[in-house]
Amino acid sequence: MDVSPIVLWGVALAAALIALPRLILWHKRPRQADRLLADWGCKTRAKQLDEDLLEDVAGYWREVRAEIPPEAIVDDITWRDLDMDEVFRRMDFTFSAAGSESLYALLRFTGEDDTVLARRSEILDALRSDRDSRKALFSGLVRMPRERFCGAVSLLYSSERMGPECPWLYYALAVLPLAIALGALLYPPLLLGLAFSFLLNLVLHLLGDLHWWREKNAVSYLFGVLDAARVLSRMDCPALAPEIARLRELSDALKPLRKRMRSLVPDDSDSLIGILAFYPRVLFLQDMVRLCRTAGTLRRHQGELRELYRRMGELDALQSLAALRESREDWCIPQFSPQRRVKCVSMTHPLLQNPVPNSLSWERCALITGSNASGKSTFAKAMAVNCILAQTICTCFAREFSLCRAQVRTSMAVRDNLLAGESYFLAEIRSLKRILDSASGARPVFAFVDEILRGTNTIERIAASASVLKRLSGQNALLMVATHDIELTRMLHRDFENWHFQEEVFAGGVRFPYLLLPGPAVSRNALLLLEQLGFEPSVIERAEKLVREFESSNAWPTL
């Protein structure tokens with residue numbers, strides 16, 4: 001029988017329409033990898049995630065930290081005190097959501113083994129120097145999904161909630177149309193039951209879409225990660241040979257799961273085939289049956305899937321860190337020492353545009369004094385941030401940086417809690433107590449405190465501060481305390497080394513060189529700033545007189 005040319009042209013056109021999107025995607029991915037390769041290492045490519053996206057990124061860390069001892073974690077107070085969210089944003093050159101999640105998790109875990117840190121540094125150097133290795137890595141990473149709020153992390157760590165509680169019911173309803181069709185061979189009126197079966201399964205199909213859409217989205221996302229890992233595991237990338245070999249093992253082990261997930265990934269529903277496929281999907285409850293089967297397979301392979309997800313995210317995070325190194329020149333690879341000390345040369349804060357470098361050999365607890373806005377708090381934060389970065393991403397912002405492995409704890413930006421009825425002073429005490437508790441452990445602590453106990457009166461503040469700092473100095477900790485209380489430098493000179501920042505006063509105002517100097521501060525600038533901002537001369541003169549009287553009699557006069 002001759003086939004009409006119109007029919008042949010129609011079939012060819014339909015095939016072209018189905019194949020064209022896949023051909024475009026197949027052609028687009030290599031070009032996308034080349035474009036990313038060309039832009040790699042550019043500062044402007046760093047992401048600027050808003051708070052909602054950042055909260056979603058942090059969700060992965062909240063899941064994995066349950067298995068990590070507290071002393072190896074950058075806790076929430078320290079993270080907030082040091083503006084580490086902004087540090088993370090400046091470093092996020094990742095291609096995928098999983099890469100952002102892994103980079104965030106890397107920055108919050110300071111307990112990684114030295115051999116793992118050394119391997120990370122090797123990979124960063126290799127990616128910077130070997131363009132072919134970068135291109136091979138990018139060819140796999142461009143296939144990683146970029147969607148946010150997909151629910152993949154939740155599914156990875158709570159797969160027991162995936163799938164209906166009574167899967168046998170869906171299996172039974174899925175085979176019901178076949179049973180009716182077979183029964184109709186013996187009793188044709190049973191064919192009317194197909195309409196009833198279709199309507200019933202249509203309702204269950206729609207309810208399933210409403211109830212399980214998050215899980216389906218998560219499965220679709222995880223399938224994308226599995227597919228990217230499969231592609232990357234075939235790449236020739238000598239610099240990442242051990243990592244790719246492990247990805248290949250995991251990909252082979254997860255083949256059954258990838259096939260299950262592939263069946264749940266939606267095809268183009270607007271295409272002719274997608275429209276025609278809708279009816280058997282409903283009649284035989286294919287989506288719900290596939291969901292039940294995928295849930296069982298996922299639970300059996302949950303461990304391998306978590307590891308693969310982590311490894312793919314870390315590879316993306318590592319290329320991001322290599323891009324960070326490529327985009328800046330003011331960094332070094334830290335050196336680790338068994339001695340409890342920190343030594344830095346030309347150290348800066350990574351968030352500052354035009355930072356002033358400072359050097360320090362920090363072997364004893366230290367008090368940093370200085371006038372307002374002189375730089376003491378910024379220096380303490382810079383030291384704390386670099387101590388974290390050294391133990392997480394093997395990158396410090398200095399010409400040289402060496403330290404021992406230690407946990408980092410801060411009490412710098414304390415906030416009261418109105419909803420809990422907690423005052424500022426009580427919140428500050430809690431913050432200091434957690435540092436004291438940490439310092440009593442086996443792992444050393446780098447502790448940073450800004451304006452200790454500022455929430456109470458002067459006499460009790462100085463007395464309590466001296467007592468707390470004296471206690472902390474006898475623990476397994478190095479303290480760096482930024483303070484205005486010059487009295488502490490005299491009271492604690494046996495246990496604390498003194499450093500200060502000095503302003504330069506001239507006729508036109510005050511200039512801050514932001515250079516760290518030995519010894520306690522000997523100048524004050526508060527009254528000078530009052531004068532420069534236009535306060536009445538009588539106010540300034542009265543304040544200066546009060547200062548002189550207090551310094552001569554050690555008592556405040558009555559006004």
# chains A, B, ... in the order shown; residues from 1 in each chain; ligands from 1
>>> residues_around(residues="Leu176 of chain A", least_positions_apart="5", cutoff="10 Å", atoms="only C-alpha atoms", output="list in words")
Tyr170, Tyr171, Ala181, Leu182, Gly193, Leu194, Ser197, Phe198, Asn201, Leu283 and Phe284 of chain A
>>> select_by_dssp(residues="segment 306-550 of chain A", states="strand (DSSP E)", output="VMD selection string")
chain A and resid 335 to 336 342 to 347 358 to 362 365 to 370 400 to 403 407 to 411 445 to 450 477 to 483 496 to 501 504 to 506 509 to 511 516 to 518
>>> closest_residue(among="A:Ile540, A:Ile333, A:Ala447, A:Val231", to="Ser139 of chain A", atoms="only C-alpha atoms")
A:Val231
>>> residues_around(residues="Ser361 of chain A", least_positions_apart="4", cutoff="8 Å", atoms="only C-alpha atoms", output="list in words")
Arg341, Val342, Lys343 and Cys344 of chain A
>>> write_last_selection(atoms="N, CA, C and O atoms", output="JSON list (two decimals), in the first residue's frame")
[["chain", "number", "residue", "atom", "x", "y", "z"],
["A", 341, "ARG", "N", 49.79, 29.28, 68.33],
["A", 341, "ARG", "CA", 50.10, 30.65, 67.96],
["A", 341, "ARG", "C", 49.61, 30.92, 66.54],
["A", 341, "ARG", "O", 49.33, 29.99, 65.78],
["A", 342, "VAL", "N", 49.56, 32.21, 66.21],
["A", 342, "VAL", "CA", 49.22, 32.64, 64.86],
["A", 342, "VAL", "C", 50.25, 33.68, 64.45],
["A", 342, "VAL", "O", 50.54, 34.61, 65.22],
["A", 343, "LYS", "N", 50.77, 33.52, 63.26],
["A", 343, "LYS", "CA", 51.72, 34.49, 62.74],
["A", 343, "LYS", "C", 51.26, 34.92, 61.35],
["A", 343, "LYS", "O", 51.03, 34.08, 60.49],
["A", 344, "CYS", "N", 51.13, 36.22, 61.14],
["A", 344, "CYS", "CA", 50.68, 36.70, 59.84],
["A", 344, "CYS", "C", 51.58, 37.85, 59.38],
["A", 344, "CYS", "O", 52.09, 38.63, 60.19]]
>>> select_by_dssp(residues="segment 37-227 of chain A", states="helix (DSSP H, G or I)", output="count of residues only")
147
>>> closest_residue(among="A:Asn358, A:Ser154, A:Thr458, A:Ser251", to="Val219 of chain A", atoms="only C-alpha atoms")
A:Ser154
>>> atom_distance(atom1="atom CA of Ala464 of chain A", atom2="atom CA of Ala382 of chain A")
26.6 Å
>>> closest_atom_pairs(of="segment 221-318 of chain A", to="segment 113-129 of chain A", cutoff="10 Å", atoms="only C-alpha atoms", output="tab-separated table")
residue	atom	partner	partner_atom	distance
A:Pro238	CA	A:Ala126	CA	9.5
A:Ala239	CA	A:Ala126	CA	6.1
A:Leu240	CA	A:Ile123	CA	7.2
A:Glu314	CA	A:Arg120	CA	9.7
A:Leu315	CA	A:Ile123	CA	9.2
A:Leu318	CA	A:Leu124	CA	6.5
>>> closest_residue(among="A:Phe496, A:Trp168, A:Phe446, A:Phe278", to="Asn476 of chain A", atoms="only C-alpha atoms")
A:Phe446
>>> residues_around(residues="segment 388-400 of chain A", least_positions_apart="6", cutoff="8 Å", atoms="only C-alpha atoms", output="PyMOL selection string")
chain A and resi 74+106-112+117-118+120-121+321+330-334+343-350+357+408
>>> write_last_selection(atoms="C-alpha atoms", output="PDB file, in the first residue's frame")
ATOM      1  CA  VAL A  74      31.794  27.739  63.079  1.00  0.00           C
ATOM      2  CA  LEU A 106      32.934  24.107  53.587  1.00  0.00           C
ATOM      3  CA  LEU A 107      33.207  27.548  55.195  1.00  0.00           C
ATOM      4  CA  ARG A 108      31.428  26.374  58.346  1.00  0.00           C
ATOM      5  CA  PHE A 109      33.506  23.236  59.003  1.00  0.00           C
ATOM      6  CA  THR A 110      36.965  23.861  60.500  1.00  0.00           C
ATOM      7  CA  GLY A 111      37.652  20.271  61.522  1.00  0.00           C
ATOM      8  CA  GLU A 112      38.669  18.820  58.164  1.00  0.00           C
ATOM      9  CA  LEU A 117      42.935  20.322  53.108  1.00  0.00           C
ATOM     10  CA  ALA A 118      46.207  19.610  51.307  1.00  0.00           C
ATOM     11  CA  ARG A 120      41.932  20.713  48.165  1.00  0.00           C
ATOM     12  CA  SER A 121      44.867  23.058  47.742  1.00  0.00           C
ATOM     13  CA  LEU A 321      37.608  28.869  45.063  1.00  0.00           C
ATOM     14  CA  ASP A 330      46.441  39.278  48.040  1.00  0.00           C
ATOM     15  CA  TRP A 331      46.261  35.665  49.220  1.00  0.00           C
ATOM     16  CA  CYS A 332      48.530  32.850  50.396  1.00  0.00           C
ATOM     17  CA  ILE A 333      48.353  29.172  51.327  1.00  0.00           C
ATOM     18  CA  PRO A 334      48.420  28.842  55.146  1.00  0.00           C
ATOM     19  CA  LYS A 343      51.722  34.495  62.742  1.00  0.00           C
ATOM     20  CA  CYS A 344      50.685  36.704  59.840  1.00  0.00           C
ATOM     21  CA  VAL A 345      52.495  39.013  57.445  1.00  0.00           C
ATOM     22  CA  SER A 346      50.578  41.745  55.594  1.00  0.00           C
ATOM     23  CA  MET A 347      47.169  40.359  56.580  1.00  0.00           C
ATOM     24  CA  THR A 348      43.980  42.062  55.342  1.00  0.00           C
ATOM     25  CA  HIS A 349      40.220  41.611  55.588  1.00  0.00           C
ATOM     26  CA  PRO A 350      38.714  40.037  52.423  1.00  0.00           C
ATOM     27  CA  PRO A 357      47.938  45.296  55.713  1.00  0.00           C
ATOM     28  CA  VAL A 408      37.196  29.971  66.358  1.00  0.00           C
TER      29      VAL A 408
END
>>> residues_around(residues="Asp287 of chain A", least_positions_apart="5", cutoff="12 Å", atoms="only C-alpha atoms", output="ChimeraX atom specification")
/A:163-164,170-171,174,201-202,204-209,212-213,215-216,260-266,277-282,292-294
>>> write_last_selection(atoms="N, CA and C atoms", output="compact mmCIF listing (two decimals), in the first residue's frame")
# COMPACT_ATOMS: atom_id res chain seq x y z
N GLY A 163 6.69 9.24 48.87
CA GLY A 163 5.84 8.16 48.38
C GLY A 163 4.66 7.90 49.29
N PRO A 164 3.59 7.38 48.75
CA PRO A 164 2.37 7.11 49.52
C PRO A 164 2.60 6.05 50.58
N TYR A 170 -2.15 1.80 44.82
CA TYR A 170 -1.87 2.38 43.50
C TYR A 170 -1.50 1.29 42.49
N TYR A 171 -0.77 0.28 42.98
CA TYR A 171 -0.45 -0.84 42.08
C TYR A 171 -1.74 -1.53 41.63
N ALA A 174 -3.58 0.54 39.16
CA ALA A 174 -2.85 0.63 37.90
C ALA A 174 -3.13 -0.57 36.99
N ASN A 201 -8.77 7.09 38.30
CA ASN A 201 -7.32 7.28 38.25
C ASN A 201 -6.96 8.72 37.90
N LEU A 202 -7.83 9.40 37.13
CA LEU A 202 -7.59 10.81 36.83
C LEU A 202 -7.62 11.64 38.12
N LEU A 204 -7.03 10.53 41.19
CA LEU A 204 -5.84 10.19 41.97
C LEU A 204 -4.57 10.80 41.36
N HIS A 205 -4.53 10.85 40.01
CA HIS A 205 -3.38 11.46 39.33
C HIS A 205 -3.27 12.94 39.68
N LEU A 206 -4.38 13.66 39.63
CA LEU A 206 -4.37 15.08 39.93
C LEU A 206 -4.06 15.34 41.40
N LEU A 207 -4.64 14.52 42.28
CA LEU A 207 -4.34 14.67 43.71
C LEU A 207 -2.87 14.37 43.99
N GLY A 208 -2.34 13.37 43.30
CA GLY A 208 -0.92 13.04 43.46
C GLY A 208 -0.03 14.18 43.02
N ASP A 209 -0.40 14.83 41.89
CA ASP A 209 0.39 15.98 41.43
C ASP A 209 0.37 17.10 42.46
N TRP A 212 2.36 15.57 45.82
CA TRP A 212 3.75 15.11 45.68
C TRP A 212 4.58 15.96 44.71
N TRP A 213 4.13 17.18 44.39
CA TRP A 213 4.88 17.97 43.42
C TRP A 213 6.26 18.35 43.94
N GLU A 215 8.21 16.53 45.92
CA GLU A 215 9.06 15.35 45.78
C GLU A 215 9.44 15.12 44.32
N LYS A 216 8.49 15.36 43.41
CA LYS A 216 8.79 15.19 41.99
C LYS A 216 9.83 16.21 41.52
N ARG A 260 15.12 4.88 37.53
CA ARG A 260 13.84 5.16 38.19
C ARG A 260 13.52 6.66 38.14
N MET A 261 14.52 7.47 38.44
CA MET A 261 14.31 8.91 38.45
C MET A 261 14.00 9.43 37.06
N ARG A 262 14.64 8.86 36.06
CA ARG A 262 14.42 9.31 34.68
C ARG A 262 12.95 9.15 34.30
N SER A 263 12.32 8.12 34.80
CA SER A 263 10.92 7.91 34.45
C SER A 263 10.01 8.96 35.06
N LEU A 264 10.48 9.65 36.12
CA LEU A 264 9.67 10.68 36.76
C LEU A 264 9.96 12.08 36.24
N VAL A 265 11.04 12.23 35.47
CA VAL A 265 11.38 13.55 34.94
C VAL A 265 10.39 13.86 33.82
N PRO A 266 9.65 14.95 33.93
CA PRO A 266 8.60 15.22 32.94
C PRO A 266 9.17 15.54 31.57
N ALA A 277 0.89 11.01 25.45
CA ALA A 277 1.34 10.16 26.56
C ALA A 277 0.56 10.43 27.84
N PHE A 278 -0.15 11.55 27.89
CA PHE A 278 -0.89 11.90 29.10
C PHE A 278 -1.95 10.86 29.43
N TYR A 279 -2.62 10.35 28.41
CA TYR A 279 -3.75 9.43 28.67
C TYR A 279 -3.31 8.11 29.27
N PRO A 280 -2.30 7.41 28.71
CA PRO A 280 -1.86 6.18 29.41
C PRO A 280 -1.26 6.46 30.78
N ARG A 281 -0.63 7.65 30.96
CA ARG A 281 -0.10 8.00 32.29
C ARG A 281 -1.22 8.04 33.33
N VAL A 282 -2.37 8.58 32.91
CA VAL A 282 -3.50 8.67 33.83
C VAL A 282 -4.16 7.30 34.00
N CYS A 292 6.30 5.48 43.72
CA CYS A 292 6.45 4.44 44.75
C CYS A 292 7.72 3.62 44.53
N ARG A 293 7.98 3.25 43.28
CA ARG A 293 9.16 2.43 42.99
C ARG A 293 10.44 3.23 43.19
N THR A 294 10.41 4.52 42.79
CA THR A 294 11.59 5.35 42.96
C THR A 294 11.89 5.57 44.44
>>> residues_around(residues="segment 49-53 of chain A", least_positions_apart="3", cutoff="8 Å", atoms="only C-alpha atoms", output="PyMOL selection string")
chain A and resi 56-57+89+148
>>> residues_around(residues="Arg490 of chain A", least_positions_apart="3", cutoff="12 Å", atoms="only C-alpha atoms", output="list in words")
Leu367, Thr369, Ile462, Ala466, Asp485, Ile486, Glu487, His493, Arg494, Asp495, Phe496, Glu497, Asn498, Gly519, Pro520 and Ala521 of chain A
>>> atom_distance(atom1="atom CA of Leu185 of chain A", atom2="atom CA of Val203 of chain A")
27.0 Å
>>> closest_residue(among="A:Leu527, A:Ile68, A:Leu351, A:Ala228", to="Arg90 of chain A", atoms="only C-alpha atoms")
A:Leu351
>>> closest_residue(among="A:Leu488, A:Cys387, A:Cys365, A:Ala442", to="Ala463 of chain A", atoms="only C-alpha atoms")
A:Leu488
>>> closest_residue(among="A:Ile73, A:Leu530, A:Ala373, A:Val289", to="Ala482 of chain A", atoms="only C-alpha atoms")
A:Ala373
